[in-house]
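start-v9.txt follows; it contains compact mmCIF, C-alpha atoms.
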# COMPACT_ATOMS: atom_id res chain seq x y z
CA MET A 1 -1.53 20.17 5.43
CA THR A 2 -4.73 20.47 3.46
CA ALA A 3 -4.74 18.12 0.48
CA PRO A 4 -4.89 19.83 -2.94
CA ARG A 5 -8.25 19.79 -4.65
CA ALA A 6 -8.71 18.30 -8.08
CA PRO A 7 -9.80 20.69 -10.85
CA GLY A 8 -13.19 20.48 -12.44
CA ARG A 9 -15.30 20.46 -9.27
CA THR A 10 -17.04 23.66 -8.28
CA ALA A 11 -17.20 24.95 -4.72
CA ALA A 12 -20.94 24.27 -4.76
CA SER A 13 -20.47 20.65 -5.80
CA ARG A 14 -17.82 20.15 -3.13
CA ALA A 15 -20.15 21.58 -0.53
CA ALA A 16 -22.95 19.33 -1.74
CA LEU A 17 -20.73 16.29 -1.45
CA ARG A 18 -19.61 17.32 2.03
CA SER A 19 -23.21 17.79 3.14
CA ARG A 20 -23.92 14.14 2.35
CA VAL A 21 -21.19 12.88 4.67
CA ASN A 22 -22.79 11.13 7.64
CA PRO A 23 -20.36 10.94 10.59
CA SER A 24 -22.29 8.00 12.04
CA HIS A 25 -21.12 5.85 9.11
CA PHE A 26 -17.52 6.04 10.30
CA HIS A 27 -15.75 4.22 13.08
CA PRO A 28 -16.04 6.26 16.31
CA ASP A 29 -12.27 6.80 16.40
CA LEU A 30 -12.36 8.26 12.89
CA ARG A 31 -15.52 10.36 12.82
CA LEU A 32 -13.99 13.74 13.56
CA ALA A 33 -11.30 13.33 10.93
CA ALA A 34 -13.81 12.03 8.40
CA THR A 35 -15.77 15.27 8.53
CA VAL A 36 -12.77 17.39 7.54
CA LEU A 37 -10.68 15.15 5.29
CA PRO A 38 -11.20 15.51 1.52
CA ASP A 39 -12.39 12.71 -0.71
CA ARG A 40 -9.22 12.96 -2.82
CA THR A 41 -5.58 13.69 -2.05
CA PHE A 42 -4.23 15.34 -5.18
CA SER A 43 -4.83 16.63 -8.67
CA PRO A 44 -2.56 15.86 -11.63
CA ALA A 45 -1.65 19.54 -11.91
CA LEU A 46 -0.43 19.64 -8.31
CA LEU A 47 1.32 16.28 -8.36
CA PRO A 48 4.85 17.83 -8.40
CA LEU A 49 3.99 19.88 -5.30
CA VAL A 50 2.62 16.85 -3.44
CA ARG A 51 5.75 14.88 -4.28
CA ARG A 52 7.91 17.75 -3.06
CA LEU A 53 6.08 17.94 0.27
CA ILE A 54 6.49 14.20 0.81
CA SER A 55 10.23 14.56 0.27
CA PHE A 56 10.44 16.50 3.55
CA THR A 57 9.11 13.59 5.61
CA GLY A 58 11.09 10.78 7.24
CA ASP A 59 14.28 10.51 9.26
CA ARG A 60 17.58 11.89 8.00
CA ASP A 61 19.65 9.25 9.80
CA THR A 62 17.94 6.21 8.24
CA GLU A 63 20.38 3.86 6.49
CA VAL A 64 20.01 4.04 2.70
CA VAL A 65 21.58 1.59 0.28
CA ARG A 66 21.32 1.26 -3.49
CA VAL A 67 20.68 -2.16 -4.98
CA THR A 68 20.70 -3.58 -8.50
CA GLY A 69 19.66 -0.94 -11.02
CA ASP A 70 20.44 1.86 -8.53
CA VAL A 71 17.21 1.30 -6.57
CA PRO A 72 17.28 3.14 -3.19
CA VAL A 73 16.26 1.06 -0.18
CA ARG A 74 15.83 2.43 3.34
CA VAL A 75 16.92 -0.13 5.93
CA HIS A 76 15.61 -0.40 9.48
CA ARG A 77 17.29 -2.90 11.78
CA PRO A 78 16.11 -4.23 15.16
CA GLU A 79 18.19 -4.26 18.31
CA PRO A 80 21.17 -6.66 18.19
CA GLY A 81 20.18 -10.27 18.62
CA PRO A 82 20.55 -13.75 17.16
CA SER A 83 21.37 -13.72 13.45
CA PRO A 84 20.15 -14.28 10.82
CA ARG A 85 16.92 -12.40 11.43
CA PRO A 86 13.65 -12.56 9.48
CA GLY A 87 13.17 -9.87 6.84
CA LEU A 88 10.31 -7.72 5.65
CA LEU A 89 10.17 -5.72 2.42
CA TRP A 90 7.88 -2.70 2.73
CA VAL A 91 6.33 -1.03 -0.34
CA HIS A 92 4.87 2.47 0.20
CA GLY A 93 1.57 3.71 -1.17
CA GLY A 94 0.71 6.72 -3.31
CA GLY A 95 -1.47 5.59 -6.17
CA TYR A 96 1.59 4.54 -8.21
CA VAL A 97 2.26 8.23 -8.91
CA MET A 98 3.48 9.71 -5.62
CA GLY A 99 4.90 8.74 -2.26
CA ALA A 100 8.34 7.69 -1.05
CA ALA A 101 9.81 5.08 1.26
CA ARG A 102 10.73 7.82 3.73
CA GLN A 103 7.07 8.55 4.48
CA ASN A 104 6.85 5.23 6.35
CA ASP A 105 10.05 5.50 8.40
CA THR A 106 8.16 5.51 11.70
CA LEU A 107 6.08 2.51 10.71
CA CYS A 108 9.11 0.58 9.46
CA ARG A 109 11.05 1.27 12.66
CA HIS A 110 8.10 -0.05 14.63
CA LEU A 111 7.91 -3.18 12.50
CA ALA A 112 11.64 -3.81 12.89
CA THR A 113 11.44 -3.47 16.68
CA GLU A 114 8.15 -5.30 17.14
CA LEU A 115 9.01 -8.22 14.86
CA GLY A 116 12.76 -8.41 15.42
CA ALA A 117 13.16 -8.24 11.66
CA VAL A 118 15.31 -6.37 9.17
CA VAL A 119 12.85 -4.08 7.37
CA ALA A 120 13.75 -2.70 3.96
CA ALA A 121 11.54 -0.04 2.35
CA VAL A 122 11.98 0.30 -1.40
CA ASP A 123 11.92 3.65 -3.25
CA TYR A 124 10.52 2.37 -6.51
CA ARG A 125 10.19 4.54 -9.61
CA LEU A 126 6.92 6.40 -9.99
CA ALA A 127 4.47 6.71 -12.87
CA PRO A 128 3.68 8.32 -15.26
CA GLU A 129 7.38 8.99 -15.90
CA ASN A 130 8.14 5.30 -15.29
CA PRO A 131 5.14 3.12 -16.18
CA TYR A 132 4.80 -0.63 -15.68
CA PRO A 133 6.95 -2.66 -15.14
CA ALA A 134 9.48 -0.19 -13.69
CA ALA A 135 8.09 -0.12 -10.14
CA LEU A 136 7.59 -3.88 -10.04
CA ASN A 137 11.13 -4.52 -11.27
CA ASP A 138 12.48 -2.21 -8.55
CA CYS A 139 10.53 -4.09 -5.89
CA TYR A 140 11.75 -7.43 -7.22
CA ALA A 141 15.37 -6.22 -7.18
CA ALA A 142 14.95 -5.02 -3.59
CA LEU A 143 13.49 -8.38 -2.57
CA GLN A 144 16.46 -10.26 -4.00
CA TRP A 145 18.85 -7.85 -2.27
CA LEU A 146 17.13 -8.39 1.07
CA GLY A 147 17.36 -12.15 0.68
CA ASP A 148 21.10 -11.87 0.02
CA GLN A 149 21.91 -10.00 3.23
CA PRO A 150 24.05 -12.06 5.64
CA ASP A 151 21.94 -11.06 8.64
CA VAL A 152 18.62 -12.01 6.97
CA ASP A 153 17.09 -15.48 6.80
CA ALA A 154 16.02 -15.76 3.14
CA ASP A 155 13.49 -18.43 4.10
CA ARG A 156 11.65 -16.04 6.43
CA ILE A 157 10.89 -12.97 4.33
CA VAL A 158 7.53 -11.23 4.17
CA VAL A 159 6.51 -8.74 1.47
CA ALA A 160 4.12 -6.00 2.58
CA GLY A 161 2.66 -2.71 1.43
CA SER A 162 -0.30 -0.37 1.63
CA SER A 163 -2.60 1.03 -1.06
CA ALA A 164 -0.66 1.08 -4.35
CA GLY A 165 2.16 -0.48 -2.36
CA GLY A 166 -0.24 -3.30 -1.55
CA GLY A 167 -0.98 -3.64 -5.25
CA LEU A 168 2.73 -3.81 -6.01
CA THR A 169 3.15 -6.35 -3.21
CA ALA A 170 0.49 -8.54 -4.82
CA ALA A 171 2.26 -8.16 -8.19
CA LEU A 172 5.56 -9.00 -6.49
CA ALA A 173 4.06 -12.26 -5.23
CA PHE A 174 3.39 -13.20 -8.86
CA ALA A 175 6.91 -12.15 -9.87
CA ALA A 176 8.44 -14.27 -7.11
CA ARG A 177 6.38 -17.27 -8.23
CA ASP A 178 7.11 -16.80 -11.93
CA ARG A 179 10.72 -15.54 -11.91
CA GLY A 180 12.06 -17.52 -8.97
CA GLY A 181 14.53 -16.15 -6.45
CA VAL A 182 13.39 -15.27 -2.94
CA GLN A 183 10.04 -16.85 -2.11
CA PRO A 184 8.13 -14.80 0.50
CA VAL A 185 6.35 -16.69 3.25
CA LEU A 186 3.52 -14.14 3.39
CA GLN A 187 2.17 -11.23 1.36
CA VAL A 188 0.65 -8.49 3.51
CA LEU A 189 -1.79 -6.39 1.52
CA SER A 190 -3.02 -3.36 3.43
CA TYR A 191 -6.08 -1.92 1.62
CA PRO A 192 -4.35 -2.81 -1.67
CA MET A 193 -4.98 -1.11 -5.03
CA LEU A 194 -5.56 -4.25 -7.09
CA ASP A 195 -8.03 -3.63 -9.90
CA ASP A 196 -7.96 -0.93 -12.60
CA ARG A 197 -11.64 -1.62 -13.33
CA SER A 198 -12.76 -0.08 -10.00
CA ILE A 199 -13.41 3.32 -11.55
CA GLY A 200 -17.13 3.32 -12.39
CA ASP A 201 -19.78 5.77 -11.25
CA ASP A 202 -21.36 3.00 -9.17
CA LEU A 203 -18.39 3.35 -6.82
CA ARG A 204 -18.87 7.04 -6.12
CA ASN A 205 -19.61 7.42 -2.43
CA SER A 206 -19.66 10.60 -0.37
CA ASP A 207 -18.18 8.63 2.54
CA PHE A 208 -14.95 7.77 0.70
CA ARG A 209 -12.03 9.80 2.02
CA LEU A 210 -8.58 10.54 0.57
CA TRP A 211 -8.85 8.29 -2.50
CA SER A 212 -11.65 8.69 -5.03
CA VAL A 213 -12.70 7.18 -8.33
CA THR A 214 -11.08 10.17 -10.07
CA CYS A 215 -7.74 9.57 -8.31
CA ASN A 216 -7.99 5.87 -9.05
CA ARG A 217 -8.57 6.39 -12.75
CA PHE A 218 -5.56 8.72 -13.02
CA GLY A 219 -3.29 6.43 -10.99
CA TRP A 220 -4.02 3.34 -13.03
CA LYS A 221 -3.77 5.13 -16.37
CA ALA A 222 -0.39 6.57 -15.38
CA TYR A 223 0.92 3.24 -14.09
CA LEU A 224 -0.24 1.04 -16.94
CA GLY A 225 0.81 3.20 -19.88
CA ASP A 226 0.71 0.83 -22.87
CA ALA A 227 0.96 -2.35 -20.76
CA ASP A 228 -1.43 -5.27 -21.06
CA PRO A 229 -3.67 -4.99 -17.97
CA THR A 230 -4.28 -8.74 -17.94
CA VAL A 231 -0.59 -9.09 -17.07
CA ALA A 232 0.08 -5.90 -15.10
CA VAL A 233 -3.02 -5.78 -12.88
CA PRO A 234 -3.10 -8.35 -10.04
CA ALA A 235 -6.89 -8.69 -10.02
CA ARG A 236 -6.88 -9.50 -13.74
CA ARG A 237 -4.40 -12.35 -13.47
CA GLU A 238 -6.10 -15.67 -14.14
CA ASP A 239 -3.79 -18.13 -12.40
CA LEU A 240 -3.43 -17.41 -8.68
CA THR A 241 -2.16 -20.85 -7.72
CA GLY A 242 1.17 -21.15 -5.99
CA LEU A 243 1.24 -17.63 -4.60
CA ALA A 244 2.45 -16.85 -1.09
CA PRO A 245 -0.24 -16.96 1.62
CA ALA A 246 -1.90 -13.58 2.10
CA TRP A 247 -3.18 -11.25 4.79
CA ILE A 248 -5.53 -8.53 3.57
CA GLY A 249 -6.79 -5.64 5.69
CA VAL A 250 -9.28 -3.04 4.48
CA GLY A 251 -11.90 -0.66 5.84
CA THR A 252 -15.55 -0.97 4.89
CA LEU A 253 -15.56 2.67 3.69
CA ASP A 254 -12.53 2.25 1.44
CA LEU A 255 -12.88 2.50 -2.34
CA PHE A 256 -10.95 -0.78 -2.52
CA HIS A 257 -13.15 -2.72 -0.10
CA THR A 258 -15.11 -4.62 -2.76
CA GLU A 259 -12.14 -5.42 -4.99
CA ASP A 260 -10.04 -6.55 -2.03
CA LEU A 261 -12.68 -8.99 -0.77
CA ALA A 262 -13.14 -10.33 -4.29
CA TYR A 263 -9.39 -10.90 -4.61
CA ALA A 264 -9.27 -12.66 -1.25
CA GLU A 265 -12.00 -15.01 -2.39
CA ARG A 266 -10.16 -15.78 -5.62
CA LEU A 267 -6.98 -16.53 -3.66
CA ARG A 268 -8.86 -19.01 -1.49
CA GLU A 269 -10.46 -20.62 -4.52
CA ALA A 270 -6.94 -21.08 -5.93
CA GLY A 271 -5.84 -22.84 -2.75
CA VAL A 272 -3.89 -19.87 -1.35
CA PRO A 273 -4.50 -19.30 2.38
CA CYS A 274 -5.81 -15.79 2.91
CA GLU A 275 -6.77 -14.06 6.14
CA VAL A 276 -8.99 -10.98 5.84
CA LEU A 277 -9.49 -8.20 8.37
CA GLU A 278 -12.37 -5.82 7.65
CA VAL A 279 -12.40 -2.64 9.73
CA PRO A 280 -15.95 -1.29 10.12
CA GLY A 281 -16.27 2.37 9.25
CA ALA A 282 -12.63 2.84 8.26
CA PHE A 283 -11.68 4.96 5.24
CA HIS A 284 -8.64 4.63 2.98
CA GLY A 285 -5.32 5.20 4.73
CA PHE A 286 -6.94 5.67 8.13
CA ASP A 287 -4.03 4.10 10.00
CA GLU A 288 -1.42 6.34 8.38
CA ILE A 289 -3.47 9.52 8.82
CA LEU A 290 -4.40 8.74 12.45
CA PRO A 291 -1.75 6.27 13.69
CA LYS A 292 -2.51 6.95 17.37
CA ALA A 293 -6.23 6.20 17.11
CA GLY A 294 -7.31 3.05 18.91
CA VAL A 295 -8.63 1.46 15.73
CA SER A 296 -5.32 2.16 13.98
CA ARG A 297 -3.27 0.65 16.81
CA ASP A 298 -5.49 -2.44 16.76
CA TYR A 299 -5.08 -2.73 13.00
CA LEU A 300 -1.29 -2.55 13.21
CA ALA A 301 -1.28 -5.07 16.06
CA ALA A 302 -3.31 -7.51 13.93
CA LEU A 303 -0.94 -7.03 11.00
CA CYS A 304 2.09 -7.66 13.23
CA ALA A 305 0.45 -10.75 14.72
CA ALA A 306 -0.05 -12.24 11.25
CA VAL A 307 3.59 -11.60 10.34
CA ARG A 308 4.90 -12.88 13.66
CA ALA A 309 2.94 -16.11 13.23
CA VAL A 310 4.74 -16.97 9.97
CA PHE A 311 8.12 -15.89 11.35
CA ASP A 312 7.64 -18.19 14.34
CA ALA A 313 6.26 -21.13 12.35

Can you dump the structure from the file as structure tokens?
Amino acid sequence: MTAPRAPGRTAASRAALRSRVNPSHFHPDLRLAATVLPDRTFSPALLPLVRRLISFTGDRDTEVVRVTGDVPVRVHRPEPGPSPRPGLLWVHGGGYVMGAARQNDTLCRHLATELGAVVAAVDYRLAPENPYPAALNDCYAALQWLGDQPDVDADRIVVAGSSAGGGLTAALAFAARDRGGVQPVLQVLSYPMLDDRSIGDDLRNSDFRLWSVTCNRFGWKAYLGDADPTVAVPARREDLTGLAPAWIGVGTLDLFHTEDLAYAERLREAGVPCEVLEVPGAFHGFDEILPKAGVSRDYLAALCAAVRAVFDA
């Protein structure tokens, strides 16, 4: 499926941008895709259509439960084994305005099998219809539900997500610290969307794929609504002490590369252990667009290794 184009850009300007793309900048496994993928995934006008298309993804036979507040959670269980098992809460991406838990069914099944964990993927409410803190509250409710399951060890739960889901995962780590309840042993932030200030012209880059400054501005505006960004935006939070240890993965050609490294450094300065994996020449969402590419398989293996290490500790 070809991603919808945002309005306001002429065919000539799109061609000019495309002409500046240098395939040699990208990881060898991603070069071909990088030459054909757009720099943005949606326009506000076509958002309903994009959401509708996503609704056709996923597996029909996945177990779905509804938790506190009628929040849908898709549950993926490993093969039978010793109980209780570790748990992992997965938070999907989509710029806070699109996406669904079902889009990551294949990934979540893999995580459940590979890690021997109960994996729950939360279908949080989307902006702009449901601005902050709706999505965060849904994720928090799902985390508490997961910790209450009889086959899950509440002391071995990881929270994880990609893109906006990574941003919500970071926010969930704050919520767990501040509200109490289940305390995750690790927060896995896959190219997380952490900072609403990453929208300036200095970040425009013809090598960015799938998520642009324009998308970022719209996503944050929709998500924040009238909220105080110093509370709602993870990168704006001042006190990072006491958060769960973190693993952050991001490509060097991702719009979020700079903000993610800055956040990792702040976590370390606050005494929070943080492992960072930078993927040279990788664009935003590379592993979900090209899951069979060698660089994507290596990335997922590194993510699983980090989670397995805390489960086995």

Distance query stretch 226-243 of chain A at most 7 Å, all atoms listed in the file, self and fewer than 5 positions along chain excluded, as a list of chain:residue names: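 Here the qualifying residues turn out to be A:Tyr132, A:Ala170, A:Ala171, A:Ala173, A:Phe174, A:Arg177, A:Leu194, A:Asp195, A:Asp196, A:Tyr263, A:Leu267, A:Ala270, A:Gly271, A:Val272.
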
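Taking atom CA of A:Ala164 and atom CA of A:Ala45 as the two end points, the separation is 20.0 Å.
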
I'd like the interatomic distance between atom CA of A:Asn104 and atom CA of A:Ala135, to a tenth of an Å.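 One can read the atom CA of A:Asn104 to atom CA of A:Ala135 distance as 17.4 Å.
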
What does the structure give for the distance between atom CA of A:Gln187 and atom CA of A:Gly81, in Å to one decimal?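 The value is 25.0 Å.
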
Give me, as a compact mmCIF listing (two decimals) with C-alpha atoms, keeping the file's coordinate frame, all polymer residues having an atom no more than 9 Å from stretch 298-311 of chain A, counting only C-alpha atoms and skipping those fewer than 2 positions away in the same chain.
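As written to disk, part16.txt reads:
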# COMPACT_ATOMS: atom_id res chain seq x y z
CA PRO A 86 13.65 -12.56 9.48
CA LEU A 111 7.91 -3.18 12.50
CA GLU A 114 8.15 -5.30 17.14
CA LEU A 115 9.01 -8.22 14.86
CA ARG A 156 11.65 -16.04 6.43
CA ILE A 157 10.89 -12.97 4.33
CA VAL A 158 7.53 -11.23 4.17
CA VAL A 185 6.35 -16.69 3.25
CA LEU A 186 3.52 -14.14 3.39
CA VAL A 188 0.65 -8.49 3.51
CA SER A 190 -3.02 -3.36 3.43
CA TRP A 247 -3.18 -11.25 4.79
CA ILE A 248 -5.53 -8.53 3.57
CA GLY A 249 -6.79 -5.64 5.69
CA GLU A 275 -6.77 -14.06 6.14
CA LEU A 277 -9.49 -8.20 8.37
CA VAL A 279 -12.40 -2.64 9.73
CA ASP A 287 -4.03 4.10 10.00
CA PRO A 291 -1.75 6.27 13.69
CA ALA A 293 -6.23 6.20 17.11
CA GLY A 294 -7.31 3.05 18.91
CA VAL A 295 -8.63 1.46 15.73
CA SER A 296 -5.32 2.16 13.98
CA ALA A 313 6.26 -21.13 12.35

Set the distance at 9 Å and use only C-alpha atoms: which residues neighbour A:Pro192 once local chain neighbours fewer than 2 positions away are removed? I'd like the list as JSON, numbers by chain. {"A": [93, 161, 162, 163, 164, 165, 166, 167, 168, 169, 170, 189, 190, 194, 248, 249, 250, 256, 257, 259, 260]}

Neighbour residues at most 12 Å from (11.3, -1.5, 16.8) (all atoms listed in the file) as a ChimeraX atom specification: /A:76-80,105-119,304

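Near A:Leu126, within 8 Å and counting only C-alpha atoms, sit Tyr96, Val97, Met98, Pro131, Ala134, Ala135 and Tyr223 of chain A; same-chain residues fewer than 5 positions away were not included.
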
Under the rule that all atoms listed in the file are counted, which of A:Leu255, A:Leu172, A:Val67, A:Leu261 is the nearest residue to A:Cys215? A:Leu255

Looking at only C-alpha atoms, which of A:Asp312, A:Asp153, A:Asp207, A:Asp70 is the one that sits closest to A:Gly281?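 Smallest distance to A:Gly281 is found for A:Asp207.
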
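Nearest to A:Asp148 of all the residues A:Thr68, A:His27, A:Met193, A:Trp211 is A:Thr68, based on all atoms listed in the file.
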
Write out as a list in words the residues lying within 12 Å of A:Arg66, counting all atoms listed in the file and excluding same-chain residues fewer than 6 positions away. Pro72, Val73, Arg74, Val75, Ala120, Ala121, Val122, Asp123, Tyr124, Asp138, Ala141, Ala142, Trp145 and Leu146 of chain A

So, counting all atoms listed in the file, which residue among A:Leu143, A:Val50, A:Thr258, A:Pro184 is closest to A:Arg197? A:Thr258

With the input short on atoms, add N, CA, C and O atoms back to stretch 150-173 of chain A and write it as a tab-separated table (two decimals), keeping the file's coordinate frame.
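This is the output file rebuild36.tsv:
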chain	number	residue	atom	x	y	z
A	150	PRO	N	23.55	-11.02	4.74
A	150	PRO	CA	24.05	-12.06	5.64
A	150	PRO	C	23.30	-12.14	6.97
A	150	PRO	O	23.29	-13.21	7.60
A	151	ASP	N	22.67	-11.03	7.38
A	151	ASP	CA	21.94	-11.06	8.64
A	151	ASP	C	20.46	-11.32	8.46
A	151	ASP	O	19.67	-11.15	9.40
A	152	VAL	N	20.03	-11.75	7.26
A	152	VAL	CA	18.62	-12.01	6.97
A	152	VAL	C	18.45	-13.47	6.57
A	152	VAL	O	19.22	-14.01	5.76
A	153	ASP	N	17.46	-14.11	7.15
A	153	ASP	CA	17.09	-15.48	6.80
A	153	ASP	C	16.21	-15.44	5.56
A	153	ASP	O	15.05	-15.03	5.63
A	154	ALA	N	16.75	-15.84	4.41
A	154	ALA	CA	16.02	-15.76	3.14
A	154	ALA	C	14.78	-16.63	3.11
A	154	ALA	O	13.91	-16.43	2.25
A	155	ASP	N	14.67	-17.58	4.04
A	155	ASP	CA	13.49	-18.43	4.10
A	155	ASP	C	12.40	-17.86	5.00
A	155	ASP	O	11.34	-18.48	5.16
A	156	ARG	N	12.66	-16.69	5.57
A	156	ARG	CA	11.65	-16.04	6.43
A	156	ARG	C	11.55	-14.57	6.03
A	156	ARG	O	11.86	-13.67	6.81
A	157	ILE	N	11.07	-14.34	4.81
A	157	ILE	CA	10.89	-12.97	4.33
A	157	ILE	C	9.42	-12.74	3.97
A	157	ILE	O	8.80	-13.56	3.29
A	158	VAL	N	8.90	-11.65	4.46
A	158	VAL	CA	7.53	-11.23	4.17
A	158	VAL	C	7.58	-10.00	3.26
A	158	VAL	O	8.44	-9.14	3.42
A	159	VAL	N	6.66	-9.94	2.30
A	159	VAL	CA	6.51	-8.74	1.47
A	159	VAL	C	5.22	-8.05	1.90
A	159	VAL	O	4.20	-8.71	2.13
A	160	ALA	N	5.26	-6.73	2.02
A	160	ALA	CA	4.12	-6.00	2.58
A	160	ALA	C	4.04	-4.61	1.99
A	160	ALA	O	5.05	-4.01	1.63
A	161	GLY	N	2.83	-4.07	1.92
A	161	GLY	CA	2.66	-2.71	1.43
A	161	GLY	C	1.22	-2.25	1.59
A	161	GLY	O	0.31	-3.05	1.84
A	162	SER	N	1.03	-0.95	1.48
A	162	SER	CA	-0.30	-0.37	1.63
A	162	SER	C	-0.72	0.36	0.37
A	162	SER	O	0.11	0.93	-0.34
A	163	SER	N	-2.01	0.32	0.08
A	163	SER	CA	-2.60	1.03	-1.06
A	163	SER	C	-1.93	0.58	-2.36
A	163	SER	O	-1.91	-0.61	-2.66
A	164	ALA	N	-1.37	1.51	-3.14
A	164	ALA	CA	-0.66	1.08	-4.35
A	164	ALA	C	0.51	0.18	-3.99
A	164	ALA	O	0.87	-0.72	-4.76
A	165	GLY	N	1.11	0.41	-2.82
A	165	GLY	CA	2.16	-0.48	-2.36
A	165	GLY	C	1.64	-1.88	-2.11
A	165	GLY	O	2.36	-2.88	-2.31
A	166	GLY	N	0.38	-1.99	-1.69
A	166	GLY	CA	-0.24	-3.30	-1.55
A	166	GLY	C	-0.46	-3.94	-2.91
A	166	GLY	O	-0.30	-5.15	-3.07
A	167	GLY	N	-0.83	-3.12	-3.90
A	167	GLY	CA	-0.98	-3.64	-5.25
A	167	GLY	C	0.34	-4.14	-5.80
A	167	GLY	O	0.40	-5.20	-6.44
A	168	LEU	N	1.41	-3.37	-5.57
A	168	LEU	CA	2.73	-3.81	-6.01
A	168	LEU	C	3.19	-5.06	-5.25
A	168	LEU	O	3.87	-5.92	-5.81
A	169	THR	N	2.82	-5.15	-3.99
A	169	THR	CA	3.15	-6.35	-3.21
A	169	THR	C	2.47	-7.57	-3.80
A	169	THR	O	3.08	-8.65	-3.91
A	170	ALA	N	1.20	-7.43	-4.18
A	170	ALA	CA	0.49	-8.54	-4.82
A	170	ALA	C	1.17	-8.91	-6.14
A	170	ALA	O	1.34	-10.09	-6.46
A	171	ALA	N	1.56	-7.90	-6.93
A	171	ALA	CA	2.26	-8.16	-8.19
A	171	ALA	C	3.60	-8.81	-7.93
A	171	ALA	O	4.06	-9.67	-8.71
A	172	LEU	N	4.26	-8.42	-6.84
A	172	LEU	CA	5.56	-9.00	-6.49
A	172	LEU	C	5.42	-10.48	-6.13
A	172	LEU	O	6.32	-11.27	-6.41
A	173	ALA	N	4.30	-10.84	-5.53
A	173	ALA	CA	4.06	-12.26	-5.23
A	173	ALA	C	4.00	-13.08	-6.51
A	173	ALA	O	4.53	-14.21	-6.57
